[in-house]
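Here the structure is laid out as structure tokens; the discussion comes afterwards.
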Amino acid sequence: MNWELGKDKAIALGERLKRVDLEPYYNIDLRSLFSDSSFQWRLDYTGSGVGVDWRDPMPEKDQLGYILMRPPVSQLTWTCLPENRLPGGRGSGQTPHWEIPDLRGDFETPVGVPFLTDEETRVLALHNTEPHGLLPSAAILQLNEPIGLEKVYLLTANLTKTLKCYYPGAEVIVHYTDQGEQLTQLIPPYTMSCMAEHFSPTCYPIRFGKLVGSPVLPRPESIGLALSDIVLDPQRAVAQIEFRCVASETIFGILGVTLLQPAQPIRRPQRGL
């Protein structure tokens, strides 16, 4: 992986890059997702971190355990759960949030791959965490017409959990016109990053805003978006690209998609006489 290649003007990809307009697919504002408490989901963790449960009254409980609703970014701090109070009445501290600047409609990256983004910071966000009706867990990007592609570039704002590293967090399924499919699993820390810290060796970090309120602040240059690519078979035409979030307490946030067409057109097999 060499992201420096995109900085070489002599090998600029130029018209081979096709930015996709995700306007019909945006489903939430990035600030609502990461910066305030308007979006909350159910935590997998339902126990008491200090050995004593101080909650009064106790939260509702179902067949999966206690129902604890928290903003997604609350997992970036310690003792954020309401039952994790210390004796003496001290609270558990504030919930961290991501201070997000405005997006530009034309988002240029340092590696020479541009994206078409939403100026109002809207994002196609997928999650597979209760309650499931808040956001979808999958979306299908329908191309206007089948096209041969060498790569799919993704500009993402993902949230992954340390305890769920080495397990697929999301998937990208490319549907070819010959009825074949190509599955690419996004697995932290290998091929899926987290907005709070850059740890994926195959994703290019793009600094964007800052994280506030977390007791363990990562390096400032790590906060932000991630640029990743998926290599395809350039000799097969692509009809659809499907995105899925498959792990709980994970956000697969897609801000932009750019397609790289092959340098040579698709070579179709010649029929015999």
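To be explicit about the labels: the chains of the structure tokens are called A, B, and onward in the order shown, and within each one the residues are counted from 1, while ligands get numbers from 1 in the order they are shown.
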Problem - Shell of 6 Å around Leu255 in chain A, only C-alpha atoms, local chain residues under 3 positions omitted, as a PyMOL selection string - result: chain A and resi 123+155-156
Problem - Gly169 in chain A surroundings by only C-alpha atoms, 6 Å radius, close-in-sequence under 3 positions cut, as a ChimeraX atom specification - result: /A:186-187,246-247
Write to file, as an mmCIF file, in the first residue's frame, the residues of the selection just made, with C-alpha atoms.
data_model
loop_
_atom_site.group_PDB
_atom_site.id
_atom_site.type_symbol
_atom_site.label_atom_id
_atom_site.label_comp_id
_atom_site.auth_asym_id
_atom_site.auth_seq_id
_atom_site.Cartn_x
_atom_site.Cartn_y
_atom_site.Cartn_z
ATOM 1 C CA LEU A 186 -13.577 -4.634 6.671
ATOM 2 C CA ILE A 187 -11.811 -5.858 9.799
ATOM 3 C CA VAL A 246 -22.214 -6.652 10.617
ATOM 4 C CA ALA A 247 -20.839 -6.068 14.145
#
Handout entry: Which residue of A:Glu197, A:Asp102, A:Glu23, A:Glu15 approaches Lys161 in chain A most closely, using only C-alpha atoms
Key = A:Glu197
Exercise for the section: Give me, please, the distance in Å between CA of Leu116 in chain A and CA of Tyr153 in chain A, quoted to one decimal. Expected result: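 Here the two named atoms are 11.7 Å from each other.
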Exercise for the section: Would you mind reading off the distance between CA of Pro205 in chain A and CA of Phe107 in chain A, one decimal, in Å? Expected result: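 Here the two named atoms are 14.1 Å from each other.
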Problem - Separation of CA of Gly253 in chain A from CA of Phe34 in chain A, in Å and rounded to one decimal - result: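 Spanning CA of Gly253 in chain A to CA of Phe34 in chain A is a straight-line distance of 10.7 Å.
Checking A:Gln40, A:Ser32, A:Thr162, A:Thr258 one by one against Glu120 in chain A, counting only C-alpha atoms, you find the shortest gap at A:Ser32.
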Problem - Those in range 13-251 of chain A with strand (DSSP E) from DSSP, as an MDAnalysis selection string - result: chainID A and resid 17:20 28:29 41:42 61:62 65:66 69:70 97:99 106:107 115:116 122:127 138:148 151:156 170:176 181:186 204:207 210:212 224:231 237:245 251
Per-residue nearest contacts range 83-197 of chain A to range 225-228 of chain A, cut-off 10 Å, using only C-alpha atoms, as a tab-separated table:
residue	atom	partner	partner_atom	distance
A:Thr109	CA	A:Leu227	CA	8.5
A:Val111	CA	A:Leu227	CA	9.3
A:Val113	CA	A:Leu227	CA	9.0
A:Val152	CA	A:Ser228	CA	8.4
A:Tyr153	CA	A:Ser228	CA	5.8
A:Leu154	CA	A:Ser228	CA	5.3
A:Leu155	CA	A:Leu227	CA	4.8
A:Thr156	CA	A:Ala226	CA	5.3
A:Ala157	CA	A:Leu225	CA	5.0
A:Asn158	CA	A:Leu225	CA	7.8
A:Thr191	CA	A:Ser228	CA	7.8
A:Met192	CA	A:Ser228	CA	8.3
A:Ser193	CA	A:Ala226	CA	6.8
A:Cys194	CA	A:Ala226	CA	8.1
A:Met195	CA	A:Leu225	CA	6.0
A:Ala196	CA	A:Leu225	CA	9.0
A:Glu197	CA	A:Leu225	CA	9.5
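Shell of Asn27 in chain A at 9 Å, with only C-alpha atoms counted and residues fewer than 6 places along the chain excluded, is Arg122, Val123, Leu124, Ala125, Leu135 and Pro136 of chain A.
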Filtering to N, CA and C atoms, could you give me those residues as a PDB file, in the first residue's frame?
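Saved the output as out.pdb:
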ATOM      1  N   ARG A 122     -23.962  15.515   6.004  1.00  0.00           N
ATOM      2  CA  ARG A 122     -24.766  14.307   6.052  1.00  0.00           C
ATOM      3  C   ARG A 122     -23.938  13.112   5.599  1.00  0.00           C
ATOM      4  N   VAL A 123     -24.331  11.930   6.062  1.00  0.00           N
ATOM      5  CA  VAL A 123     -23.549  10.725   5.847  1.00  0.00           C
ATOM      6  C   VAL A 123     -24.487   9.540   5.662  1.00  0.00           C
ATOM      7  N   LEU A 124     -24.057   8.559   4.900  1.00  0.00           N
ATOM      8  CA  LEU A 124     -24.750   7.276   4.841  1.00  0.00           C
ATOM      9  C   LEU A 124     -24.195   6.430   5.973  1.00  0.00           C
ATOM     10  N   ALA A 125     -24.941   6.323   7.062  1.00  0.00           N
ATOM     11  CA  ALA A 125     -24.480   5.614   8.250  1.00  0.00           C
ATOM     12  C   ALA A 125     -25.225   4.295   8.400  1.00  0.00           C
ATOM     13  N   LEU A 135     -31.296   3.301  12.243  1.00  0.00           N
ATOM     14  CA  LEU A 135     -30.577   3.406  10.983  1.00  0.00           C
ATOM     15  C   LEU A 135     -30.544   2.033  10.337  1.00  0.00           C
ATOM     16  N   PRO A 136     -30.384   1.960   9.030  1.00  0.00           N
ATOM     17  CA  PRO A 136     -30.303   0.643   8.380  1.00  0.00           C
ATOM     18  C   PRO A 136     -28.967  -0.034   8.672  1.00  0.00           C
TER      19      PRO A 136
END
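Residue nearest Met69 in chain A, chosen from A:Thr160, A:Thr121, A:Gln264, A:Thr129 and counting only C-alpha atoms: A:Thr129.
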Handout entry: Nearest-residue call for Thr184 in chain A, choices A:Leu149, A:Lys18, A:Arg244, A:Trp3, using only C-alpha atoms
Key =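 Closest residue, counting only C-alpha atoms: A:Arg244.
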Exercise for the section: Could you tell me which of A:Leu163, A:Leu143, A:Ile173, A:Leu43 comes closest to Ile67 in chain A if we count only C-alpha atoms? Expected result: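 Closest to Ile67 in chain A, using only C-alpha atoms: A:Leu43.
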Exercise for the section: Just the residues within 9 Å of Leu33 in chain A, please, counting only C-alpha atoms, with nothing from its chain fewer than 3 positions along; format it as an MDAnalysis selection string. Expected result: chainID A and resid 28:30 36:40 71:73 125
